[in-house]
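J.: Starting off with a structure, shown below.
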Amino acid sequence: MRLFYSIGIYLTSLILQVLSLFNQKIRLGVSGRKSTFKILSNNISRLDKTIWMHCASLGEFEQGLPVLQELKIKYPSHKIVVSFFSPSGYEVKKNTSNADAVVYLPLDTPKNAKRFIDSIHPDLILFVKYEVWPNIILEAKKRGIKSLLISATFRPSQSYFKWYGHLMRNALFSFEHIFTQDENSKKLIERIGYKSVSVSGDTRFDRVINQLKTDNTVDFIEEFTKNNTTIVFGSSWPADDALFIPFINSTSNDSVKYIIAPHNIKASYVDSITKQLKLKTVCFSNMHGKDLSEYNVFILDTIGYLGKVYSYADVAYVGGAAGNTGLHNILEPAVFGTPIIIGKNHKKFPEAEKLVQLNGVSVVKNSNELNNILSSFIKDEKLRKEQGNINLGFVQDNKGAVKKILTHIKKV
C-alpha cells in the first residue's frame with residue numbers, strides 16, 4: 001500500500017508541473033518547493049536544536065501559533081521551522097518573526113521524507129489539525145522523533161476509518177500523542193485502537209484570547225468610524241457580497257459605517273465590489289490624503305489588520321458560509337463580544353454550530369434574512385450586547401488547550 005501511495009505522489013508531482021502552467025496558485029507551490037532545502041540549509045545547521053510545526057494553510061498556522069509561541073519561550077535555544085502545504089499559508093507567513101525558517105513541505109515521497117527530516121533533525125514535531133503525510137510521519141517514527149497531532153478533528157468519512165485506510169491509520173498511529181478538539185473525535189480514533197489521545201479543545205480559543213492582550217488600535221479605522229455604529233464584513237467571498245451589498249446600497253443612515261474585508265484583495269476584484277456600491281466608498285489602497293470620516297464604506301484591501309479591525313465592530317458578518325468555500329474564523333470577532341452573522345453552510349464548524357445553538361451567532365440564507373437581522377442589530381443596542389456577551393463567554397469558557405498540550409510536552 002505504501003508503494004502505491006508513493007507512486008501516486010510521484011504522479012501527482014508530474015501533474016502539478018503541468019497544471020502550474022495554467023494556475024498561479026499551483027505555480028507558486030511548485031516553484032516554492034524548489035527552494036525548500038536551500039532555505040533550510042541557509043538557516044538550520046547540523047548543530048542546531050529544532051522544533052518543527054507543519055500546517056496545511058494559514059488557518060492551521062493561526063491554530064498552532066499559540067503553542068509555538070509558548071514553545072519559543074520554554075525552549076529559547078531551539079530554532080523553529082514552520083512548513084506549509086498551501087501557498088495561501090506560505091505566501092502570507094513566509095517572513096513571520098515566529099519562525100527561523102518557513103518552507104513549503106516537499107511532496108511526500110520516501111526520498112523527500114528522509115532528506116527533509118535530515119535537514120531539520122527536529123527534537124519535536126507538531127502537525128496541526130488534520131493533515132497527515134505518511135512517508136514523513138513514518139520516517140520520523142523510525143528515527144524515534146517525538147511527534148504530536150494537535151487540535152485534531154476527525155469524521156467517520158475520513159480514510160482512517162475505511163477498509164482501505166491501512167496506510168493512513170499506520171501514519172496516525174505513529175504520533176506519540178494526539179490532542180483532539182472534541183470528545184467525538186477522541187472516540188472515533190479510540191474505536192480503531194489508538195489510545196494515546198486526549199481532548200485538549202481548540203487552540204484557536206487561546207489564540208484569540210491573546211488578542212485581547214495586545215493593542216488593537218488601528219488609526220485609520222478610528223478616523224473612518226468616528227464612534228459610529230460599525231458593521232464589519234470579514235473574509236467575504238462573492239456569495240457573501242451578493243447578500244450584503246444590496247443591504248448597504250439600500251441604507252441611507254450616515255451614522256452607520258461599513259467595513260468590507262474581502263478574502264480576495266486583487267485590484268480587479270476590489271474594483272468590482274466598489275463599482276457595485278452606491279454609497280461613498282474608500283479603499284485602504286487609496287485612502288492617503290483623504291478625510292476618511294466623510295466615507296460610508298471602507299474596503300480593507302490589504303492583509304494583517306482584520307483581527308484588530310473586529311474590535312471596532314458592533315456587528316460582524318463572517319464570510320465563507322454563504323457559498324462552499326468554508327466558513328472563516330468566527331472566534332476573532334467573538335472574543336471582542338461582538339454579535340456574529342454567517343451563511344447557511346456551517347455544519348462542519350463545531351464552534352459555529354455551538355454558538356448558533358447558544359444564540360450568539362445568527363444564520364442567514366438569503367438577502368432578506370440578512371436585511372432583517374442587520375436592521376434589528378442596528379436599531380437594538382441591547383440585542384447586540386446580549387448576543388455579543390454570549391460569544392465572549394463561549395471563548396472564555398473554552399480556553400486552555402495550549403496549557404494541556406504544553407503540560408504533555410515535558411521535555412524536548
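By convention here, the chains of the C-alpha cells are called A, B, ... in the order presented, each chain's residues are numbered starting at 1, and ligands are numbered starting at 1 in the order presented.
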Within 12 Å of range 288-290 of chain A, counting only C-alpha atoms, which residues qualify if same-chain residues fewer than 4 places away don't, as JSON, numbers by chain?

T.: {"A": [220, 223, 224, 281, 282, 283, 284, 294, 295]}

J.: Once you have the residues from the selection above, write them out as a PDB file, in the first residue's frame, restricted to N, CA, C and O atoms.

T.:
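Final output, result-v9.pdb:
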ATOM      1  N   PHE A 220      -6.392  54.479  11.191  1.00  0.00           N
ATOM      2  CA  PHE A 220      -7.224  54.857  10.041  1.00  0.00           C
ATOM      3  C   PHE A 220      -8.654  54.353  10.188  1.00  0.00           C
ATOM      4  O   PHE A 220      -9.595  54.972   9.676  1.00  0.00           O
ATOM      5  N   GLU A 223     -10.356  56.886  12.476  1.00  0.00           N
ATOM      6  CA  GLU A 223     -10.703  58.085  11.699  1.00  0.00           C
ATOM      7  C   GLU A 223     -11.947  57.839  10.857  1.00  0.00           C
ATOM      8  O   GLU A 223     -12.803  58.722  10.722  1.00  0.00           O
ATOM      9  N   PHE A 224     -12.061  56.626  10.306  1.00  0.00           N
ATOM     10  CA  PHE A 224     -13.214  56.290   9.465  1.00  0.00           C
ATOM     11  C   PHE A 224     -14.494  56.155  10.271  1.00  0.00           C
ATOM     12  O   PHE A 224     -15.538  56.710   9.909  1.00  0.00           O
ATOM     13  N   THR A 281     -17.396  55.385  -1.043  1.00  0.00           N
ATOM     14  CA  THR A 281     -16.508  54.278  -0.680  1.00  0.00           C
ATOM     15  C   THR A 281     -15.050  54.664  -0.840  1.00  0.00           C
ATOM     16  O   THR A 281     -14.666  55.325  -1.810  1.00  0.00           O
ATOM     17  N   VAL A 282     -14.224  54.213   0.109  1.00  0.00           N
ATOM     18  CA  VAL A 282     -12.777  54.417   0.045  1.00  0.00           C
ATOM     19  C   VAL A 282     -12.090  53.090   0.331  1.00  0.00           C
ATOM     20  O   VAL A 282     -12.597  52.265   1.103  1.00  0.00           O
ATOM     21  N   CYS A 283     -10.953  52.858  -0.296  1.00  0.00           N
ATOM     22  CA  CYS A 283     -10.170  51.643  -0.076  1.00  0.00           C
ATOM     23  C   CYS A 283      -8.901  51.960   0.700  1.00  0.00           C
ATOM     24  O   CYS A 283      -8.384  53.091   0.636  1.00  0.00           O
ATOM     25  N   PHE A 284      -8.392  50.981   1.393  1.00  0.00           N
ATOM     26  CA  PHE A 284      -7.105  51.129   2.068  1.00  0.00           C
ATOM     27  C   PHE A 284      -6.033  51.568   1.079  1.00  0.00           C
ATOM     28  O   PHE A 284      -5.186  52.410   1.393  1.00  0.00           O
ATOM     29  N   GLU A 294     -15.523  61.120   6.019  1.00  0.00           N
ATOM     30  CA  GLU A 294     -16.550  61.517   5.063  1.00  0.00           C
ATOM     31  C   GLU A 294     -17.139  60.339   4.296  1.00  0.00           C
ATOM     32  O   GLU A 294     -18.118  60.491   3.578  1.00  0.00           O
ATOM     33  N   TYR A 295     -16.538  59.155   4.454  1.00  0.00           N
ATOM     34  CA  TYR A 295     -16.949  57.988   3.675  1.00  0.00           C
ATOM     35  C   TYR A 295     -17.867  57.074   4.481  1.00  0.00           C
ATOM     36  O   TYR A 295     -17.795  57.017   5.719  1.00  0.00           O
TER      37      TYR A 295
END

J.: With only C-alpha atoms as the counted atoms, please give the residues lying no more than 10 Å from range 42-50 of chain A, apart from itself and same-chain residues fewer than 2 positions off, as a list in words.

T.: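 Everything that qualifies: Phe37, Lys38, Ile39, Leu40, Trp52, Tyr75, Pro76, Ser77, His78, Lys79, Ile80, Val81, Asp100, Ala101, Val102, Asp118, Ser119, Ile120, His121, Pro122, Asp123, Leu124, Ile125 and Val412 of chain A.
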
J.: So that I have them on file, write out the residues from the current selection with N, CA, C and O atoms, as an mmCIF file, in the first residue's frame.

T.:
data_model
loop_
_atom_site.group_PDB
_atom_site.id
_atom_site.type_symbol
_atom_site.label_atom_id
_atom_site.label_comp_id
_atom_site.auth_asym_id
_atom_site.auth_seq_id
_atom_site.Cartn_x
_atom_site.Cartn_y
_atom_site.Cartn_z
ATOM 1 N N PHE A 37 14.799 23.134 0.390
ATOM 2 C CA PHE A 37 16.032 22.635 1.005
ATOM 3 C C PHE A 37 17.127 23.700 1.047
ATOM 4 O O PHE A 37 17.966 23.703 1.948
ATOM 5 N N LYS A 38 17.095 24.639 0.119
ATOM 6 C CA LYS A 38 18.047 25.749 0.153
ATOM 7 C C LYS A 38 17.775 26.648 1.356
ATOM 8 O O LYS A 38 18.700 27.071 2.060
ATOM 9 N N ILE A 39 16.485 26.938 1.597
ATOM 10 C CA ILE A 39 16.116 27.760 2.763
ATOM 11 C C ILE A 39 16.559 27.080 4.052
ATOM 12 O O ILE A 39 17.108 27.712 4.958
ATOM 13 N N LEU A 40 16.337 25.767 4.125
ATOM 14 C CA LEU A 40 16.728 25.037 5.335
ATOM 15 C C LEU A 40 18.243 25.036 5.528
ATOM 16 O O LEU A 40 18.735 25.255 6.639
ATOM 17 N N TRP A 52 9.771 21.579 14.836
ATOM 18 C CA TRP A 52 9.125 21.758 13.537
ATOM 19 C C TRP A 52 7.612 21.670 13.689
ATOM 20 O O TRP A 52 7.100 20.728 14.287
ATOM 21 N N TYR A 75 11.642 26.944 25.260
ATOM 22 C CA TYR A 75 12.870 26.378 24.690
ATOM 23 C C TYR A 75 13.570 27.408 23.799
ATOM 24 O O TYR A 75 13.601 27.275 22.571
ATOM 25 N N PRO A 76 14.126 28.460 24.400
ATOM 26 C CA PRO A 76 14.709 29.559 23.614
ATOM 27 C C PRO A 76 15.930 29.167 22.791
ATOM 28 O O PRO A 76 16.284 29.869 21.844
ATOM 29 N N SER A 77 16.572 28.060 23.143
ATOM 30 C CA SER A 77 17.761 27.649 22.394
ATOM 31 C C SER A 77 17.421 26.858 21.134
ATOM 32 O O SER A 77 18.290 26.552 20.319
ATOM 33 N N HIS A 78 16.156 26.518 20.961
ATOM 34 C CA HIS A 78 15.727 25.775 19.775
ATOM 35 C C HIS A 78 15.330 26.722 18.652
ATOM 36 O O HIS A 78 14.705 27.761 18.885
ATOM 37 N N LYS A 79 15.685 26.361 17.423
ATOM 38 C CA LYS A 79 15.194 27.080 16.261
ATOM 39 C C LYS A 79 13.842 26.495 15.846
ATOM 40 O O LYS A 79 13.595 25.301 16.001
ATOM 41 N N ILE A 80 12.995 27.373 15.319
ATOM 42 C CA ILE A 80 11.652 26.981 14.924
ATOM 43 C C ILE A 80 11.557 26.910 13.398
ATOM 44 O O ILE A 80 11.916 27.852 12.698
ATOM 45 N N VAL A 81 11.066 25.772 12.909
ATOM 46 C CA VAL A 81 10.808 25.601 11.481
ATOM 47 C C VAL A 81 9.305 25.428 11.293
ATOM 48 O O VAL A 81 8.680 24.627 11.984
ATOM 49 N N ASP A 100 12.272 30.584 12.534
ATOM 50 C CA ASP A 100 13.609 30.827 11.990
ATOM 51 C C ASP A 100 13.697 30.417 10.533
ATOM 52 O O ASP A 100 14.577 30.886 9.806
ATOM 53 N N ALA A 101 12.806 29.537 10.108
ATOM 54 C CA ALA A 101 12.741 29.132 8.704
ATOM 55 C C ALA A 101 11.310 28.743 8.376
ATOM 56 O O ALA A 101 10.674 27.996 9.132
ATOM 57 N N VAL A 102 10.808 29.271 7.262
ATOM 58 C CA VAL A 102 9.469 28.937 6.784
ATOM 59 C C VAL A 102 9.614 28.368 5.380
ATOM 60 O O VAL A 102 10.236 28.995 4.517
ATOM 61 N N ASP A 118 16.313 14.855 7.645
ATOM 62 C CA ASP A 118 17.754 15.081 7.796
ATOM 63 C C ASP A 118 18.066 16.572 7.920
ATOM 64 O O ASP A 118 18.906 16.978 8.736
ATOM 65 N N SER A 119 17.409 17.382 7.114
ATOM 66 C CA SER A 119 17.690 18.816 7.071
ATOM 67 C C SER A 119 17.256 19.522 8.346
ATOM 68 O O SER A 119 17.919 20.446 8.816
ATOM 69 N N ILE A 120 16.126 19.088 8.910
ATOM 70 C CA ILE A 120 15.606 19.755 10.110
ATOM 71 C C ILE A 120 16.104 19.086 11.386
ATOM 72 O O ILE A 120 16.325 19.746 12.397
ATOM 73 N N HIS A 121 16.272 17.771 11.356
ATOM 74 C CA HIS A 121 16.612 16.935 12.508
ATOM 75 C C HIS A 121 15.921 17.442 13.793
ATOM 76 O O HIS A 121 16.562 17.805 14.773
ATOM 77 N N PRO A 122 14.567 17.447 13.774
ATOM 78 C CA PRO A 122 13.831 18.049 14.894
ATOM 79 C C PRO A 122 13.831 17.191 16.159
ATOM 80 O O PRO A 122 13.897 15.962 16.095
ATOM 81 N N ASP A 123 13.762 17.867 17.282
ATOM 82 C CA ASP A 123 13.545 17.182 18.561
ATOM 83 C C ASP A 123 12.056 16.964 18.817
ATOM 84 O O ASP A 123 11.679 16.090 19.595
ATOM 85 N N LEU A 124 11.235 17.797 18.177
ATOM 86 C CA LEU A 124 9.786 17.716 18.353
ATOM 87 C C LEU A 124 9.106 18.116 17.054
ATOM 88 O O LEU A 124 9.503 19.082 16.406
ATOM 89 N N ILE A 125 8.062 17.356 16.692
ATOM 90 C CA ILE A 125 7.264 17.661 15.507
ATOM 91 C C ILE A 125 5.811 17.888 15.927
ATOM 92 O O ILE A 125 5.251 17.102 16.693
ATOM 93 N N VAL A 412 11.988 18.521 25.721
ATOM 94 C CA VAL A 412 12.377 18.364 24.322
ATOM 95 C C VAL A 412 13.878 18.194 24.256
ATOM 96 O O VAL A 412 14.616 18.923 24.905
#

J.: So which bits of range 113-311 of chain A end up alpha helix (DSSP H) when you DSSP the backbone, as JSON, numbers by chain?

T.: {"A": [113, 114, 115, 116, 117, 118, 119, 120, 134, 135, 136, 137, 138, 139, 140, 141, 142, 166, 167, 168, 169, 170, 171, 172, 173, 183, 184, 185, 186, 187, 188, 189, 190, 191, 203, 204, 205, 206, 207, 208, 209, 210, 211, 219, 220, 221, 222, 223, 224, 225, 238, 239, 240, 241, 242, 243, 244, 245, 246, 247, 248, 249, 250, 267, 268, 269, 270, 271, 272, 273, 274, 275, 276, 306, 307, 308, 309]}

J.: List every residue of range 150-389 of chain A that DSSP, applied to the backbone, labels as strand (DSSP E), and write the result as a tab-separated table (two decimals) with C-alpha atoms, in the first residue's frame.

T.:
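Output file result_21.tsv is given in full below:
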chain	number	residue	atom	x	y	z
A	150	ILE	CA	-2.73	18.96	17.91
A	151	SER	CA	-6.21	20.48	17.58
A	152	ALA	CA	-7.21	17.40	15.62
A	177	HIS	CA	0.06	11.57	21.23
A	178	ILE	CA	-2.99	13.16	19.62
A	179	PHE	CA	-4.88	16.11	21.10
A	180	THR	CA	-8.42	16.41	19.74
A	197	VAL	CA	-5.36	10.54	22.85
A	198	SER	CA	-6.87	13.29	24.95
A	199	VAL	CA	-9.28	16.16	24.47
A	229	THR	CA	-22.21	52.08	14.65
A	230	THR	CA	-19.90	49.88	12.58
A	231	ILE	CA	-20.65	46.71	10.62
A	232	VAL	CA	-17.66	44.60	9.55
A	233	PHE	CA	-17.96	42.09	6.71
A	234	GLY	CA	-14.88	39.93	7.23
A	235	SER	CA	-13.23	37.50	4.79
A	236	SER	CA	-16.04	37.81	2.28
A	256	VAL	CA	-23.71	53.56	10.28
A	257	LYS	CA	-20.31	52.69	8.82
A	258	TYR	CA	-19.44	49.60	6.79
A	259	ILE	CA	-16.07	47.87	6.55
A	260	ILE	CA	-15.57	45.18	3.90
A	261	ALA	CA	-12.52	42.91	4.18
A	262	PRO	CA	-12.66	40.69	1.07
A	281	THR	CA	-16.51	54.28	-0.68
A	282	VAL	CA	-12.78	54.42	0.04
A	283	CYS	CA	-10.17	51.64	-0.08
A	297	VAL	CA	-17.81	52.26	3.25
A	298	PHE	CA	-14.18	51.28	3.81
A	299	ILE	CA	-12.73	48.38	1.79
A	315	VAL	CA	-21.80	43.60	14.35
A	316	ALA	CA	-19.62	41.19	12.36
A	317	TYR	CA	-20.59	39.21	9.30
A	318	VAL	CA	-18.02	36.43	8.78
A	340	ILE	CA	-21.97	37.50	14.52
A	341	ILE	CA	-23.83	36.67	11.31
A	342	ILE	CA	-22.86	33.80	8.99
A	361	VAL	CA	-24.42	33.61	16.02
A	362	SER	CA	-27.24	34.29	13.56
A	363	VAL	CA	-27.56	32.30	10.32

J.: If we count only C-alpha atoms, what is near Ile330 in chain A at a cut-off of 12 Å, once residues fewer than 3 positions away on the same chain are taken out, given as a PyMOL selection string?

T.: chain A and resi 59+204-205+208+233-235+306-307+310+315-321+326-327+333-343+346+349-356+360-362+388+391-392+394-395

J.: Determine, counting only C-alpha atoms, which protein, DNA and RNA residues have an atom within 9 Å of an atom of Arg155 in chain A; residues of the same chain fewer than 4 positions away are not included. Present the result as a PyMOL selection string.

T.: chain A and resi 161+184-185+188

J.: Would you please work out which residue, of A:Gly400, A:Asp314, A:Lys347, A:Leu149, is nearest to Glu386 in chain A when using only C-alpha atoms?

T.: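 Result for the nearest residue to Glu386 in chain A: A:Asp314.
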
J.: Mind running range 165-205 of chain A against range 129-132 of chain A at 10 Å and telling me each contacting residue's nearest atom pair with the distance in Å (one decimal), counting only C-alpha atoms, chain and number ascending, as JSON lines?

T.:
{"residue": "A:Met168", "atom": "CA", "partner": "A:Val132", "partner_atom": "CA", "distance": 7.8}
{"residue": "A:Arg169", "atom": "CA", "partner": "A:Val132", "partner_atom": "CA", "distance": 10.0}
{"residue": "A:Ala171", "atom": "CA", "partner": "A:Val132", "partner_atom": "CA", "distance": 7.2}
{"residue": "A:Leu172", "atom": "CA", "partner": "A:Val132", "partner_atom": "CA", "distance": 7.3}
{"residue": "A:Phe175", "atom": "CA", "partner": "A:Val132", "partner_atom": "CA", "distance": 9.9}
{"residue": "A:Ile178", "atom": "CA", "partner": "A:Lys129", "partner_atom": "CA", "distance": 9.7}
{"residue": "A:Phe179", "atom": "CA", "partner": "A:Lys129", "partner_atom": "CA", "distance": 9.0}
{"residue": "A:Thr180", "atom": "CA", "partner": "A:Lys129", "partner_atom": "CA", "distance": 8.2}
{"residue": "A:Gln181", "atom": "CA", "partner": "A:Lys129", "partner_atom": "CA", "distance": 8.6}
{"residue": "A:Asp202", "atom": "CA", "partner": "A:Lys129", "partner_atom": "CA", "distance": 9.3}
{"residue": "A:Thr203", "atom": "CA", "partner": "A:Lys129", "partner_atom": "CA", "distance": 9.9}

J.: For Lys195 in chain A, which of A:Lys72, A:Ile137, A:Glu176, A:Thr153 is the closest residue, counting only C-alpha atoms?

T.: A:Glu176

J.: Per residue of range 45-155 of chain A within 10 Å of range 10-24 of chain A, record the nearest atom pair and its distance in Å to one decimal, counting only C-alpha atoms, with rows in chain order and ascending residue number, as JSON lines.

T.:
{"residue": "A:Pro87", "atom": "CA", "partner": "A:Gln24", "partner_atom": "CA", "distance": 9.8}
{"residue": "A:Leu107", "atom": "CA", "partner": "A:Ser13", "partner_atom": "CA", "distance": 7.4}
{"residue": "A:Asp108", "atom": "CA", "partner": "A:Tyr10", "partner_atom": "CA", "distance": 8.7}
{"residue": "A:Thr109", "atom": "CA", "partner": "A:Tyr10", "partner_atom": "CA", "distance": 7.1}

J.: Quick one: write out the picked residues with N, CA and C atoms as a compact mmCIF listing (two decimals), in the first residue's frame?

T.:
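part-v1.txt written:
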# COMPACT_ATOMS: atom_id res chain seq x y z
N PRO A 87 0.05 27.52 -0.77
CA PRO A 87 0.57 28.87 -0.97
C PRO A 87 -0.17 29.92 -0.15
N LEU A 107 6.83 17.38 -1.49
CA LEU A 107 5.88 16.30 -1.75
C LEU A 107 6.34 15.04 -1.03
N ASP A 108 5.38 14.26 -0.54
CA ASP A 108 5.64 13.20 0.44
C ASP A 108 6.15 11.91 -0.22
N THR A 109 7.30 11.99 -0.86
CA THR A 109 7.96 10.79 -1.37
C THR A 109 8.92 10.26 -0.31

J.: Excluding same-chain residues fewer than 5 positions from Ser285 in chain A, what lies within 10 Å of it counting only C-alpha atoms, as a PDB file with N, CA, C and O atoms, in the first residue's frame?

T.:
ATOM      1  N   ALA A 267      -6.735  43.775  -7.154  1.00  0.00           N
ATOM      2  CA  ALA A 267      -7.301  45.069  -7.546  1.00  0.00           C
ATOM      3  C   ALA A 267      -8.546  44.908  -8.404  1.00  0.00           C
ATOM      4  O   ALA A 267      -9.526  45.652  -8.249  1.00  0.00           O
ATOM      5  N   ILE A 299     -13.126  49.716   2.266  1.00  0.00           N
ATOM      6  CA  ILE A 299     -12.731  48.384   1.793  1.00  0.00           C
ATOM      7  C   ILE A 299     -11.292  48.125   2.230  1.00  0.00           C
ATOM      8  O   ILE A 299     -10.375  48.848   1.836  1.00  0.00           O
ATOM      9  N   LEU A 300     -11.106  47.111   3.039  1.00  0.00           N
ATOM     10  CA  LEU A 300      -9.796  46.765   3.581  1.00  0.00           C
ATOM     11  C   LEU A 300      -9.087  45.836   2.592  1.00  0.00           C
ATOM     12  O   LEU A 300      -9.030  44.622   2.786  1.00  0.00           O
ATOM     13  N   ASP A 301      -8.538  46.411   1.549  1.00  0.00           N
ATOM     14  CA  ASP A 301      -7.878  45.601   0.518  1.00  0.00           C
ATOM     15  C   ASP A 301      -6.398  45.408   0.837  1.00  0.00           C
ATOM     16  O   ASP A 301      -5.509  45.721   0.043  1.00  0.00           O
ATOM     17  N   THR A 302      -6.165  44.869   2.007  1.00  0.00           N
ATOM     18  CA  THR A 302      -4.818  44.528   2.475  1.00  0.00           C
ATOM     19  C   THR A 302      -4.964  43.421   3.505  1.00  0.00           C
ATOM     20  O   THR A 302      -6.080  43.081   3.906  1.00  0.00           O
TER      21      THR A 302
END

J.: Quick one: everything within 12 Å of Thr96 in chain A, counting only C-alpha atoms, minus sequence neighbours fewer than 2 positions away in the same chain. Send it as a list in words.

T.: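 Skipping anything fewer than 2 positions along the chain leaves Leu58, Phe61, Glu62, Leu65, Gln69, Ile80, Val81, Val82, Ser83, Gly89, Tyr90, Glu91, Val92, Lys93, Lys94, Asn98, Ala99, Asp100, Ala101, Val102, Val103 and Gly304 of chain A.
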